[in-house]
file coords_29.tsv (TSV, C-alpha atoms)
chain	number	residue	atom	x	y	z
A	28	MET	CA	-32.32	231.59	-114.91
A	29	THR	CA	-32.99	228.27	-116.57
A	30	GLY	CA	-34.68	226.20	-113.89
A	31	ASP	CA	-33.11	222.96	-115.18
A	32	LEU	CA	-32.62	221.72	-111.62
A	33	ALA	CA	-36.14	222.52	-110.39
A	34	ALA	CA	-37.09	218.85	-110.65
A	35	VAL	CA	-34.60	218.03	-107.88
A	36	GLY	CA	-35.71	220.90	-105.64
A	37	ILE	CA	-33.27	223.64	-106.67
A	38	ASP	CA	-35.06	226.89	-107.47
A	39	PRO	CA	-33.94	229.02	-110.46
A	40	PHE	CA	-32.09	231.64	-108.40
A	41	ASP	CA	-30.13	229.00	-106.47
A	42	GLU	CA	-29.31	227.30	-109.77
A	43	ALA	CA	-28.01	230.61	-111.14
A	44	VAL	CA	-25.76	230.92	-108.09
A	45	TYR	CA	-24.56	227.33	-108.58
A	46	ARG	CA	-23.74	227.99	-112.23
A	47	ALA	CA	-21.82	231.12	-111.23
A	48	VAL	CA	-19.78	229.12	-108.72
A	49	LEU	CA	-19.13	226.41	-111.33
A	50	ALA	CA	-17.60	229.02	-113.61
A	51	ARG	CA	-15.05	229.97	-110.91
A	52	ASN	CA	-12.52	228.11	-108.81
A	53	SER	CA	-14.29	229.47	-105.74
A	54	ALA	CA	-16.60	232.36	-104.89
A	55	ALA	CA	-17.68	234.48	-101.95
A	56	PRO	CA	-21.23	235.81	-101.51
A	57	ALA	CA	-20.20	239.41	-102.26
A	58	GLU	CA	-18.58	238.38	-105.55
A	59	LEU	CA	-21.68	236.53	-106.66
A	60	ALA	CA	-23.89	239.42	-105.56
A	61	ASP	CA	-22.10	241.73	-108.00
A	62	GLU	CA	-22.39	239.21	-110.81
A	63	LEU	CA	-26.05	238.31	-110.22
A	64	ASP	CA	-27.23	241.81	-109.25
A	65	CYS	CA	-28.56	240.77	-105.85
A	66	SER	CA	-27.69	241.43	-102.22
A	67	ALA	CA	-24.78	239.61	-100.59
A	68	ASP	CA	-27.22	238.25	-97.98
A	69	ARG	CA	-29.41	236.69	-100.67
A	70	ALA	CA	-26.36	235.13	-102.34
A	71	ALA	CA	-25.18	233.82	-98.96
A	72	ARG	CA	-28.57	232.22	-98.24
A	73	ALA	CA	-28.52	230.56	-101.66
A	74	LEU	CA	-25.01	229.25	-101.04
A	75	SER	CA	-26.12	227.87	-97.69
A	76	ARG	CA	-29.01	226.02	-99.37
A	77	LEU	CA	-26.67	224.73	-102.09
A	78	HIS	CA	-24.27	223.56	-99.39
A	79	ASP	CA	-27.05	221.67	-97.62
A	80	ALA	CA	-28.07	220.15	-100.97
A	81	GLY	CA	-24.50	218.91	-101.53
A	82	LEU	CA	-23.83	221.07	-104.59
A	83	VAL	CA	-21.12	223.29	-103.10
A	84	GLY	CA	-18.59	222.91	-100.31
A	85	ARG	CA	-17.40	225.62	-97.95
A	86	LEU	CA	-13.66	226.22	-98.00
A	87	ALA	CA	-11.60	226.50	-94.83
A	88	GLY	CA	-10.90	229.97	-93.51
A	89	ALA	CA	-12.57	232.83	-91.71
A	90	ARG	CA	-14.12	234.25	-94.88
A	91	ARG	CA	-17.06	232.45	-96.42
A	92	ARG	CA	-15.92	231.00	-99.73
A	93	TYR	CA	-17.48	228.12	-101.60
A	94	ALA	CA	-16.39	225.78	-104.37
A	95	ALA	CA	-18.68	223.67	-106.53
A	96	ILE	CA	-18.92	219.92	-106.02
A	97	GLU	CA	-18.45	217.88	-109.21
A	98	PRO	CA	-21.90	218.19	-110.86
A	99	GLN	CA	-22.40	214.63	-112.09
A	100	ALA	CA	-22.09	213.08	-108.64
A	101	ALA	CA	-23.79	215.95	-106.79
A	102	VAL	CA	-26.86	216.11	-109.02
A	103	GLU	CA	-27.17	212.32	-109.15
A	104	ALA	CA	-27.37	212.28	-105.35
A	105	LEU	CA	-30.22	214.80	-105.53
A	106	VAL	CA	-31.99	212.66	-108.13
A	107	ARG	CA	-31.80	209.62	-105.84
A	108	ALA	CA	-33.11	211.63	-102.89
A	109	ARG	CA	-36.00	212.99	-104.95
A	110	ALA	CA	-36.82	209.48	-106.17
A	111	GLY	CA	-37.26	208.38	-102.56
A	112	GLU	CA	-39.45	211.41	-101.92
A	113	LEU	CA	-41.59	210.59	-104.95
A	114	ASP	CA	-42.11	207.06	-103.68
A	115	ARG	CA	-43.59	208.50	-100.48
A	116	VAL	CA	-45.74	210.89	-102.51
A	117	ARG	CA	-47.06	207.94	-104.53
A	118	GLN	CA	-48.06	206.24	-101.29
A	119	ALA	CA	-49.87	209.39	-100.17
A	120	ALA	CA	-51.49	209.71	-103.62
A	121	ALA	CA	-52.92	206.22	-103.31
A	122	GLU	CA	-54.53	207.18	-100.02
A	123	LEU	CA	-55.81	210.46	-101.48
A	124	SER	CA	-57.36	208.55	-104.38
A	125	ARG	CA	-59.19	206.37	-101.88
A	126	VAL	CA	-60.50	209.49	-100.16
A	127	PHE	CA	-61.56	210.99	-103.50
A	128	ASP	CA	-63.39	207.82	-104.53
A	129	ALA	CA	-65.12	207.57	-101.16
A	130	ALA	CA	-66.22	211.22	-101.29
A	131	HIS	CA	-67.79	210.76	-104.73
A	132	SER	CA	-69.46	207.45	-103.94
A	133	GLY	CA	-70.98	208.57	-100.66
A	134	GLY	CA	-68.77	206.17	-98.72
A	135	LEU	CA	-66.61	208.75	-96.95
A	136	THR	CA	-65.56	207.56	-93.52
A	137	GLU	CA	-64.99	209.59	-90.39
A	138	GLU	CA	-61.26	209.68	-91.16
A	139	VAL	CA	-61.61	212.60	-93.60
A	140	GLU	CA	-63.89	215.63	-93.61
A	141	PHE	CA	-64.03	218.34	-96.26
A	142	VAL	CA	-64.45	222.02	-95.43
A	143	THR	CA	-65.20	224.78	-97.89
A	144	GLY	CA	-64.73	228.52	-97.68
A	145	ARG	CA	-62.16	230.93	-96.32
A	146	GLU	CA	-63.89	231.37	-92.96
A	147	ALA	CA	-64.21	227.61	-92.38
A	148	LEU	CA	-60.56	227.10	-93.25
A	149	GLY	CA	-59.56	229.88	-90.86
A	150	ARG	CA	-61.67	228.48	-88.02
A	151	TRP	CA	-60.20	225.02	-88.41
A	152	PHE	CA	-56.62	226.33	-88.58
A	153	VAL	CA	-57.21	228.18	-85.31
A	154	ARG	CA	-58.90	225.16	-83.72
A	155	LEU	CA	-56.13	222.80	-84.82
A	156	GLN	CA	-53.56	224.98	-83.04
A	157	GLN	CA	-55.69	225.50	-79.95
A	158	GLU	CA	-56.23	221.75	-79.54
A	159	ALA	CA	-52.54	220.88	-80.01
A	160	ARG	CA	-50.86	219.73	-76.81
A	161	GLY	CA	-47.37	218.80	-77.97
A	162	GLU	CA	-46.50	220.04	-81.45
A	163	VAL	CA	-47.77	221.75	-84.59
A	164	ARG	CA	-45.96	220.99	-87.86
A	165	THR	CA	-46.59	222.93	-91.06
A	166	LEU	CA	-45.62	223.11	-94.71
A	167	ASP	CA	-46.10	226.66	-95.94
A	168	ARG	CA	-46.10	228.26	-99.37
A	169	PRO	CA	-48.05	230.90	-101.30
A	170	PRO	CA	-50.70	231.72	-102.32
A	171	TYR	CA	-52.46	232.62	-99.09
A	172	ALA	CA	-56.20	232.61	-98.61
A	173	LEU	CA	-55.82	234.08	-95.11
A	174	THR	CA	-53.68	236.75	-93.54
A	175	THR	CA	-50.12	235.50	-93.03
A	176	ALA	CA	-50.01	236.74	-89.42
A	177	ASN	CA	-50.71	233.99	-86.87
A	178	PRO	CA	-51.31	235.32	-83.35
A	179	VAL	CA	-52.64	231.91	-82.26
A	180	GLU	CA	-49.16	230.46	-82.73
A	181	ALA	CA	-47.60	233.01	-80.39
A	182	SER	CA	-50.13	232.04	-77.71
A	183	ALA	CA	-49.53	228.31	-78.25
A	184	LEU	CA	-45.76	228.78	-78.05
A	185	ARG	CA	-46.19	230.49	-74.69
A	186	ARG	CA	-48.08	227.46	-73.32
A	187	GLY	CA	-45.31	225.12	-74.46
A	188	VAL	CA	-46.46	223.83	-77.84
A	189	ARG	CA	-43.56	223.18	-80.19
A	190	TYR	CA	-43.83	224.62	-83.71
A	191	ARG	CA	-41.79	223.40	-86.65
A	192	ALA	CA	-42.41	224.96	-90.05
A	193	VAL	CA	-41.02	224.26	-93.52
A	194	TYR	CA	-41.35	227.20	-95.92
A	195	ALA	CA	-41.04	227.34	-99.69
A	196	PRO	CA	-38.46	229.99	-100.72
A	197	GLU	CA	-41.15	231.96	-102.54
A	198	ALA	CA	-43.00	232.41	-99.24
A	199	LEU	CA	-40.12	234.63	-98.09
A	200	GLU	CA	-40.81	236.97	-101.02
A	201	TRP	CA	-44.53	237.31	-100.21
A	202	PRO	CA	-45.36	240.73	-98.69
A	203	GLY	CA	-45.14	240.64	-94.90
A	204	VAL	CA	-44.30	236.93	-94.56
A	205	LEU	CA	-40.60	237.34	-93.73
A	206	ASP	CA	-41.40	239.78	-90.92
A	207	ASP	CA	-44.05	237.38	-89.59
A	208	ILE	CA	-41.55	234.50	-89.62
A	209	ARG	CA	-38.91	236.59	-87.85
A	210	SER	CA	-41.41	237.40	-85.11
A	211	LEU	CA	-42.42	233.76	-84.66
A	212	VAL	CA	-38.84	232.47	-84.70
A	213	ALA	CA	-38.02	234.99	-81.98
A	214	ARG	CA	-40.81	233.41	-79.92
A	215	GLY	CA	-39.55	229.87	-80.45
A	216	GLU	CA	-40.68	228.57	-83.85
A	217	GLU	CA	-38.18	226.30	-85.59
A	218	ALA	CA	-38.12	227.17	-89.29
A	219	ARG	CA	-36.56	225.63	-92.38
A	220	VAL	CA	-36.79	226.33	-96.11
A	221	LEU	CA	-37.19	223.74	-98.87
A	222	PRO	CA	-37.13	224.60	-102.59
A	223	GLY	CA	-39.73	222.83	-104.68
A	224	LEU	CA	-42.31	222.57	-101.88
A	225	ARG	CA	-45.72	221.98	-103.49
A	226	VAL	CA	-47.95	221.14	-100.52
A	227	LYS	CA	-49.62	223.25	-97.82
A	228	LEU	CA	-50.22	221.32	-94.62
A	229	ALA	CA	-50.75	221.73	-90.88
A	230	ILE	CA	-50.56	218.82	-88.43
A	231	ALA	CA	-51.50	218.94	-84.74
A	232	ASP	CA	-49.67	216.30	-82.72
A	233	ASP	CA	-50.36	213.07	-84.65
A	234	GLN	CA	-54.12	213.49	-84.40
A	235	LEU	CA	-55.33	215.96	-87.02
A	236	ALA	CA	-54.11	217.43	-90.31
A	237	LEU	CA	-55.53	220.30	-92.35
A	238	MET	CA	-54.58	220.30	-96.03
A	239	PRO	CA	-55.87	222.72	-98.71
A	240	LEU	CA	-56.73	220.72	-101.81
A	241	SER	CA	-55.71	223.36	-104.34
A	242	LEU	CA	-52.79	225.77	-104.50
A	243	GLU	CA	-54.82	228.07	-106.74
A	244	LEU	CA	-56.76	229.40	-103.79
A	245	ASP	CA	-60.00	231.12	-104.73
A	246	LEU	CA	-60.66	233.34	-101.72
A	247	THR	CA	-64.40	232.61	-101.96
A	248	ASP	CA	-64.19	228.86	-102.52
A	249	VAL	CA	-61.23	227.45	-100.63
A	250	ARG	CA	-61.55	223.68	-100.14
A	251	ALA	CA	-59.53	221.68	-97.64
A	252	ALA	CA	-59.43	218.22	-96.10
A	253	LEU	CA	-59.38	217.47	-92.38
A	254	ILE	CA	-57.59	214.16	-91.87
A	255	ARG	CA	-57.87	212.24	-88.61
A	256	PRO	CA	-55.82	209.19	-87.51
A	257	SER	CA	-55.57	206.90	-90.54
A	258	ALA	CA	-53.11	205.53	-93.08
A	259	LEU	CA	-53.48	208.82	-94.95
A	260	LEU	CA	-52.49	210.85	-91.88
A	261	ASP	CA	-49.51	208.54	-91.35
A	262	ALA	CA	-48.41	209.13	-94.96
A	263	LEU	CA	-48.72	212.90	-94.58
A	264	ILE	CA	-46.70	212.83	-91.35
A	265	ASP	CA	-43.99	210.80	-93.12
A	266	TYR	CA	-43.98	213.32	-95.97
A	267	TRP	CA	-43.66	216.22	-93.53
A	268	GLU	CA	-40.75	214.54	-91.75
A	269	LEU	CA	-39.02	214.01	-95.10
A	270	ALA	CA	-39.47	217.68	-96.00
A	271	TRP	CA	-38.10	218.70	-92.59
A	272	ARG	CA	-34.97	216.55	-93.01
A	273	GLN	CA	-34.33	217.95	-96.47
A	274	GLY	CA	-35.02	221.58	-95.51
A	275	ALA	CA	-32.25	224.05	-94.72
A	276	PRO	CA	-32.39	225.89	-91.36
A	277	LEU	CA	-33.58	229.47	-91.69
A	278	GLY	CA	-30.79	231.11	-89.74
A	279	GLY	CA	-29.96	234.80	-89.68
A	280	LEU	CA	-33.45	235.94	-90.68

call {"tool": "encode", "arguments": {"input": "coords_29.tsv", "output": "structure tokens"}}
result
Amino acid sequence: MTGDLAAVGIDPFDEAVYRAVLARNSAAPAELADELDCSADRAARALSRLHDAGLVGRLAGARRRYAAIEPQAAVEALVRARAGELDRVRQAAAELSRVFDAAHSGGLTEEVEFVTGREALGRWFVRLQQEARGEVRTLDRPPYALTTANPVEASALRRGVRYRAVYAPEALEWPGVLDDIRSLVARGEEARVLPGLRVKLAIADDQLALMPLSLELDLTDVRAALIRPSALLDALIDYWELAWRQGAPLGGL
């Protein structure tokens, strides 16, 4: 698995599937499973993500068969989409730099608050969900400083709060996470997957965001930012919406 397409959001396994399809006129999940030594379900999920990314097309017929889209045009479209995403990230980075400078100069405003420690992060994640009235939106990927189970979400779903979550593919490989997602989807969570996701984020309505500041989570020294209504929160909401549009629905979990 080369990972040459990681920069445009295609993870190494999906790229291996794409290369296998390129080498054939067409391919079915079971055929690729034999070639790549994986389950047919895993190959099918990869083909679905590749289809959503515009790298393969599904052929007509009752059986699921896919053919590769011409690589030059298909990959160039992904490059253009990622360029637009990077422009939004640059905008968010400018706001984050302002927050960083303010924090180190003593000029931090009420728009951003920093919390440190696993227990503080857990309390704020619970509070964010409990205070949500309309919707909670998340970006989720390993590593995890807290347990992956989220009983607060089940309670919020019952009182009518909408949950939409975008997961990195590697989250599905983390012990226990896939079962947790299945349980939450059964209760009403809307879930998508997006290769290349590099941010962890939770947003309650459009009023509060919780964002860990490092993906190398030290369980004793987790640091996160609480972001209240501001240009930074607007940028993070825009980034989340972009990730949601680019994510593939997690069907058939």

call {"tool": "atom_distance", "arguments": {"input": "coords_29.tsv", "atom1": "CA of Ala213 in chain A", "atom2": "CA of Ala195 in chain A"}}
result
19.5 Å

call {"tool": "axis_aligned_box", "arguments": {"input": "coords_29.tsv", "around": "range 70-80 of chain A", "padding_each_side": "3 Å", "output": "AutoDock Vina command-line options"}}
result
--center_x -26.6 --center_y 227.6 --center_z -100.0 --size_x 10.7 --size_y 21.0 --size_z 10.7

call {"tool": "closest_residue", "arguments": {"input": "coords_29.tsv", "among": "A:Leu148, A:Leu269, A:Leu277, A:Leu184", "to": "Val249 in chain A", "atoms": "all atoms listed in the file"}}
result
A:Leu148

call {"tool": "atom_distance", "arguments": {"input": "coords_29.tsv", "atom1": "CA of Pro169 in chain A", "atom2": "CA of Ala43 in chain A"}}
result
22.3 Å

call {"tool": "atom_distance", "arguments": {"input": "coords_29.tsv", "atom1": "CA of Arg91 in chain A", "atom2": "CA of Pro56 in chain A"}}
result
7.4 Å

call {"tool": "residues_near_point", "arguments": {"input": "coords_29.tsv", "point": "(-54.5, 216.1, -92.4)", "cutoff": "10 Å", "atoms": "all atoms listed in the file", "output": "list in words"}}
result
Glu138, Val139, Glu140, Leu228, Ala229, Ile230, Ala231, Asp233, Gln234, Leu235, Ala236, Leu237, Met238, Pro239, Ala251, Ala252, Leu253, Ile254, Arg255, Pro256, Ser257, Leu259, Leu260, Asp261, Ala262, Leu263 and Ile264 of chain A

call {"tool": "residues_around", "arguments": {"input": "coords_29.tsv", "residues": "Trp201 in chain A", "least_positions_apart": "5", "cutoff": "10 Å", "atoms": "only C-alpha atoms", "output": "MDAnalysis selection string"}}
result
chainID A and resid 168:171 175 196

call {"tool": "closest_atom_pairs", "arguments": {"input": "coords_29.tsv", "of": "range 212-270 of chain A", "to": "range 185-190 of chain A", "cutoff": "8 Å", "atoms": "only C-alpha atoms", "output": "tab-separated table"}}
result
residue	atom	partner	partner_atom	distance
A:Gly215	CA	A:Tyr190	CA	7.5
A:Glu216	CA	A:Tyr190	CA	5.1
A:Glu217	CA	A:Tyr190	CA	6.2

call {"tool": "closest_residue", "arguments": {"input": "coords_29.tsv", "among": "A:Ala176, A:Glu200, A:Gly36, A:Asp232", "to": "Arg160 in chain A", "atoms": "only C-alpha atoms"}}
result
A:Asp232

call {"tool": "residues_around", "arguments": {"input": "coords_29.tsv", "residues": "Glu197 in chain A", "least_positions_apart": "6", "cutoff": "12 Å", "atoms": "only C-alpha atoms", "output": "ChimeraX atom specification"}}
result
/A:38-40,167-171,204-205,220-225

call {"tool": "closest_residue", "arguments": {"input": "coords_29.tsv", "among": "A:Val193, A:Leu240, A:Ala95, A:Ala60", "to": "Tyr266 in chain A", "atoms": "all atoms listed in the file"}}
result
A:Val193

call {"tool": "build_atoms", "arguments": {"input": "coords_29.tsv", "residues": "range 174-185 of chain A", "atoms": "N, CA, C and O atoms", "output": "PDB file, keeping the file's coordinate frame"}}
result
ATOM      1  N   THR A 174     -54.800 235.917 -93.902  1.00  0.00           N
ATOM      2  CA  THR A 174     -53.680 236.750 -93.540  1.00  0.00           C
ATOM      3  C   THR A 174     -52.510 235.886 -93.101  1.00  0.00           C
ATOM      4  O   THR A 174     -52.699 234.809 -92.519  1.00  0.00           O
ATOM      5  N   THR A 175     -51.278 236.312 -93.372  1.00  0.00           N
ATOM      6  CA  THR A 175     -50.120 235.500 -93.030  1.00  0.00           C
ATOM      7  C   THR A 175     -49.753 235.625 -91.554  1.00  0.00           C
ATOM      8  O   THR A 175     -48.980 234.822 -91.037  1.00  0.00           O
ATOM      9  N   ALA A 176     -50.268 236.625 -90.854  1.00  0.00           N
ATOM     10  CA  ALA A 176     -50.010 236.740 -89.420  1.00  0.00           C
ATOM     11  C   ALA A 176     -50.739 235.617 -88.680  1.00  0.00           C
ATOM     12  O   ALA A 176     -51.824 235.200 -89.076  1.00  0.00           O
ATOM     13  N   ASN A 177     -50.125 235.111 -87.604  1.00  0.00           N
ATOM     14  CA  ASN A 177     -50.710 233.990 -86.870  1.00  0.00           C
ATOM     15  C   ASN A 177     -50.578 234.206 -85.369  1.00  0.00           C
ATOM     16  O   ASN A 177     -49.717 233.605 -84.719  1.00  0.00           O
ATOM     17  N   PRO A 178     -51.413 235.065 -84.786  1.00  0.00           N
ATOM     18  CA  PRO A 178     -51.310 235.320 -83.350  1.00  0.00           C
ATOM     19  C   PRO A 178     -51.593 234.101 -82.496  1.00  0.00           C
ATOM     20  O   PRO A 178     -51.150 234.008 -81.350  1.00  0.00           O
ATOM     21  N   VAL A 179     -52.354 233.125 -83.026  1.00  0.00           N
ATOM     22  CA  VAL A 179     -52.640 231.910 -82.260  1.00  0.00           C
ATOM     23  C   VAL A 179     -51.354 231.141 -81.988  1.00  0.00           C
ATOM     24  O   VAL A 179     -51.181 230.548 -80.923  1.00  0.00           O
ATOM     25  N   GLU A 180     -50.425 231.162 -82.928  1.00  0.00           N
ATOM     26  CA  GLU A 180     -49.160 230.460 -82.730  1.00  0.00           C
ATOM     27  C   GLU A 180     -48.379 231.051 -81.562  1.00  0.00           C
ATOM     28  O   GLU A 180     -47.825 230.311 -80.743  1.00  0.00           O
ATOM     29  N   ALA A 181     -48.326 232.373 -81.487  1.00  0.00           N
ATOM     30  CA  ALA A 181     -47.600 233.010 -80.390  1.00  0.00           C
ATOM     31  C   ALA A 181     -48.162 232.570 -79.042  1.00  0.00           C
ATOM     32  O   ALA A 181     -47.419 232.283 -78.090  1.00  0.00           O
ATOM     33  N   SER A 182     -49.489 232.479 -78.948  1.00  0.00           N
ATOM     34  CA  SER A 182     -50.130 232.040 -77.710  1.00  0.00           C
ATOM     35  C   SER A 182     -49.793 230.581 -77.412  1.00  0.00           C
ATOM     36  O   SER A 182     -49.503 230.219 -76.258  1.00  0.00           O
ATOM     37  N   ALA A 183     -49.824 229.734 -78.448  1.00  0.00           N
ATOM     38  CA  ALA A 183     -49.530 228.310 -78.250  1.00  0.00           C
ATOM     39  C   ALA A 183     -48.072 228.106 -77.842  1.00  0.00           C
ATOM     40  O   ALA A 183     -47.764 227.257 -76.997  1.00  0.00           O
ATOM     41  N   LEU A 184     -47.169 228.887 -78.427  1.00  0.00           N
ATOM     42  CA  LEU A 184     -45.760 228.780 -78.050  1.00  0.00           C
ATOM     43  C   LEU A 184     -45.568 229.117 -76.573  1.00  0.00           C
ATOM     44  O   LEU A 184     -44.781 228.470 -75.877  1.00  0.00           O
ATOM     45  N   ARG A 185     -46.316 230.099 -76.102  1.00  0.00           N
ATOM     46  CA  ARG A 185     -46.190 230.490 -74.690  1.00  0.00           C
ATOM     47  C   ARG A 185     -46.647 229.369 -73.754  1.00  0.00           C
ATOM     48  O   ARG A 185     -46.142 229.253 -72.636  1.00  0.00           O
TER      49      ARG A 185
END
